[in-house]
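S.K.: Below is one structure. I have some questions about it.
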Amino acid sequence: MRIRTVVFPVAGLGTRFLPATKVLAKEMLPLLDRPLIQYAVDEALDAGCDTLVFVTNRYKHAIADYFDKAYELEAKLEASGKHELLASIQDILPKGVRTVFVTQPEALGLGHAVLCARPVVGDQPFAVMLADDMIWNRGHGALRQMIEVAEHEHASVIAVEDVPADQTQRYGIVSSEVVSERLSRVRGLIEKPRPEDAPSTLAVVGRYLLDASIFDHLETTRVGAGGEIQLTDGIAALLKVKPVFAYRFQGRRFDCGNRLGMVQATMHLAIEDAELHGPIVALMREHLSRE
Ligand code: UTP
């Protein structure tokens, strides 16, 4: 079982970042100098994936343009001897990696967006990555860790992390049986439960490795929480017939789907950056001394 195809659902409306997302895809918002989608793509490449499927809507040309060649810009950078900048736009995708763009005609939910990728994915196991969950790790990325688990267990794997009890309403929450320190077997899944209804505080985050039979379940999944076709409901149906594991990845996740997470991720990356570290720490000190 070799997972080579990743689906990036990027057709959401991104309303939490309006007005910026009126014209700019949420996934193109930058963390320092790279768009969110680039962090997810790099994690997929680190995991050995070579087919990147973007589920977009008709307003998101910028994502396709970003991964395309920019002839005029390349020629200008070449002529002015800006080789480092030139490399930064030429090396976005290594040779041999292909991109496929699929349209989700209407934003009917994440489950529906994944279903739109069915003709490209076929019957092989595949990954789904949500770019707005940016996962930072010094070692291998979360997706690569998950692929190792999936290959070992020959099963679907979803990424989870513990969230504060009062935040269960923002996530899909699993009930599971512990297998080892980081791994458990999923027994049930419920989308956005109130804290009093949540079976645990183990929340599903934006990385999934799925058996292709999920598509059959998504075909029959009805509209769920928030009036959308939920991927979690499809997985809940899948786990009744095939094993699904929950994996607590190593790394730090930033929820860049909202303003606070975006700022936290930016600060984190700035602190980790050799050039920005000093000025950012100085700015933080200055503010803290005034508190
Ligand atoms: P979100 O729940 O974050 O929704 O989607 P959103 O529309 O992007 O943002 P808000 O809540 O309005 O601010 C999670 C992921 O699923 C994709 C989004 O692009 C995002 O990556 N998605 C969601 C789709 O591709 N299609 C949909 O119909 C819904």
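Numbering starts fresh at 1 for the residues of each chain in the structure tokens, the chains themselves are lettered A, B, ... in the order given, and ligands are numbered from 1 as they appear.
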Within 6 Å of ligand 1, counting only C-alpha atoms and all ligand atoms, which protein or nucleic acid residues do you find, written as a list in words?

M.R.: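 Result of the 6 Å neighbour search around ligand 1: Pro9, Val10, Ala11, Gly12, Leu13, Gly14, Thr15, Arg16, Ala107, Leu108, Gly109, Leu110, Ala113, Leu130, Ala131 and Gly257 of chain A.
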
S.K.: Go ahead and dump the residues you just picked, C-alpha atoms, as a PDB file, in the first residue's frame.

M.R.:
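Wrote it out as again-v7.pdb, contents follow:
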ATOM      1  CA  PRO A   9      -9.825  20.571  -0.770  1.00  0.00           C
ATOM      2  CA  VAL A  10      -9.465  24.307  -1.350  1.00  0.00           C
ATOM      3  CA  ALA A  11     -12.953  25.222  -2.500  1.00  0.00           C
ATOM      4  CA  GLY A  12     -14.258  26.633   0.799  1.00  0.00           C
ATOM      5  CA  LEU A  13     -15.437  30.209   1.009  1.00  0.00           C
ATOM      6  CA  GLY A  14     -13.026  31.243   3.772  1.00  0.00           C
ATOM      7  CA  THR A  15     -15.573  33.564   5.355  1.00  0.00           C
ATOM      8  CA  ARG A  16     -13.541  33.992   8.535  1.00  0.00           C
ATOM      9  CA  ALA A 107     -19.413  24.553  -1.636  1.00  0.00           C
ATOM     10  CA  LEU A 108     -21.514  21.679  -0.288  1.00  0.00           C
ATOM     11  CA  GLY A 109     -18.998  20.692   2.386  1.00  0.00           C
ATOM     12  CA  LEU A 110     -15.651  18.979   2.876  1.00  0.00           C
ATOM     13  CA  ALA A 113     -15.205  18.308  -2.004  1.00  0.00           C
ATOM     14  CA  LEU A 130      -6.417  20.714   4.818  1.00  0.00           C
ATOM     15  CA  ALA A 131      -3.942  23.505   4.240  1.00  0.00           C
ATOM     16  CA  GLY A 257      -8.472  28.936   9.435  1.00  0.00           C
TER      17      GLY A 257
END

S.K.: Name the residues of stretch 81-281 of chain A that fall into helix (DSSP H, G or I) according to DSSP on the backbone, using the chain letters and numbers of this document, as a PyMOL selection string.

M.R.: chain A and resi 83-90+110-115+118-121+142-153+165-170+195-197+214-220+225-227+231-238+259-272+277-281

S.K.: Can you pull out the residues contacting stretch 164-166 of chain A? Cut-off 10 Å, using only C-alpha atoms, and skip same-chain residues under 5 positions away; I want them as a compact mmCIF listing (two decimals) with N, CA, C and O atoms, in the first residue's frame.

M.R.:
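Result went into around-v7.txt, see below:
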# COMPACT_ATOMS: atom_id res chain seq x y z
N ARG A 194 -21.40 19.05 21.38
CA ARG A 194 -21.29 19.95 22.54
C ARG A 194 -20.43 19.23 23.57
O ARG A 194 -20.42 17.98 23.61
N PRO A 195 -19.71 19.97 24.42
CA PRO A 195 -18.82 19.32 25.39
C PRO A 195 -19.52 18.21 26.17
O PRO A 195 -18.94 17.14 26.39
N GLU A 196 -20.79 18.42 26.54
CA GLU A 196 -21.48 17.40 27.35
C GLU A 196 -21.82 16.14 26.53
O GLU A 196 -22.06 15.08 27.11
N ALA A 198 -19.71 15.06 23.99
CA ALA A 198 -18.48 14.56 23.35
C ALA A 198 -17.98 13.30 24.05
O ALA A 198 -17.89 13.27 25.28
N SER A 200 -15.00 12.12 23.95
CA SER A 200 -13.62 12.33 24.40
C SER A 200 -13.22 13.76 24.04
O SER A 200 -14.06 14.53 23.58
N THR A 201 -11.95 14.05 24.21
CA THR A 201 -11.47 15.37 23.75
C THR A 201 -10.46 15.17 22.61
O THR A 201 -9.69 16.06 22.30
N LEU A 202 -10.51 13.99 22.01
CA LEU A 202 -9.60 13.68 20.91
C LEU A 202 -10.22 14.17 19.59
O LEU A 202 -11.21 13.61 19.12
N ALA A 203 -9.61 15.20 19.03
CA ALA A 203 -10.21 15.87 17.87
C ALA A 203 -9.50 15.50 16.58
O ALA A 203 -8.27 15.38 16.55

S.K.: Rounded to one decimal place, report the atom CA of A:Leu231-atom CA of A:Arg138 distance in Å.

M.R.: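 Computing the Euclidean distance for atom CA of A:Leu231 and atom CA of A:Arg138 yields 29.2 Å.
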
S.K.: Restricting the calculation to only C-alpha atoms, which member of A:His112, A:Lys192, A:Lys95, A:Arg290 is positioned closest to A:Val223?

M.R.: A:His112

S.K.: From the list A:Leu32, A:Ala44, A:Ala87, A:Ala25, which residue is nearest A:Lys60 when using only C-alpha atoms?

M.R.: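 Closest to A:Lys60 of all the choices is A:Ala25.
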
S.K.: I'd like the interatomic distance between atom CA of A:Met284 and atom CA of A:Asn258, to a tenth of an Å.

M.R.: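 According to the coordinates, atom CA of A:Met284 and atom CA of A:Asn258 are separated by 21.5 Å.
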
S.K.: Neighbouring residues of stretch 181-190 of chain A were defined as those with any atom within 8 Å, considering only C-alpha atoms; residues of the same chain fewer than 5 positions away were excluded. Please report them as number ranges by chain.

M.R.: A: 172-176, 198, 232-233, 235-236, 239, 243-249

S.K.: Keeping only C-alpha atoms, take the residues you just selected and write them out as a PDB file, in the first residue's frame.

M.R.:
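File written: out06.pdb
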ATOM      1  CA  GLY A 172     -14.972  15.948  14.753  1.00  0.00           C
ATOM      2  CA  ILE A 173     -14.425  13.994  17.992  1.00  0.00           C
ATOM      3  CA  VAL A 174     -13.470  10.297  18.163  1.00  0.00           C
ATOM      4  CA  SER A 175     -14.173   7.536  20.616  1.00  0.00           C
ATOM      5  CA  SER A 176     -11.399   4.977  20.416  1.00  0.00           C
ATOM      6  CA  ALA A 198     -18.483  14.563  23.353  1.00  0.00           C
ATOM      7  CA  THR A 232     -16.413  12.835   9.255  1.00  0.00           C
ATOM      8  CA  ASP A 233     -19.832  11.298   8.568  1.00  0.00           C
ATOM      9  CA  ILE A 235     -15.491   8.130   7.846  1.00  0.00           C
ATOM     10  CA  ALA A 236     -18.001   7.147  10.534  1.00  0.00           C
ATOM     11  CA  LEU A 239     -15.192   2.457  10.118  1.00  0.00           C
ATOM     12  CA  PRO A 243     -10.508  -0.454  10.395  1.00  0.00           C
ATOM     13  CA  VAL A 244      -9.683   3.205  10.959  1.00  0.00           C
ATOM     14  CA  PHE A 245      -6.904   4.314  13.291  1.00  0.00           C
ATOM     15  CA  ALA A 246      -6.410   7.640  15.045  1.00  0.00           C
ATOM     16  CA  TYR A 247      -2.820   8.810  15.228  1.00  0.00           C
ATOM     17  CA  ARG A 248      -1.501  11.491  17.588  1.00  0.00           C
ATOM     18  CA  PHE A 249       1.154  13.025  15.351  1.00  0.00           C
TER      19      PHE A 249
END

S.K.: Would you work out the distance separating atom CA of A:Pro30 from atom CA of A:Ala265, expressed in Å to one decimal?

M.R.: 10.4 Å
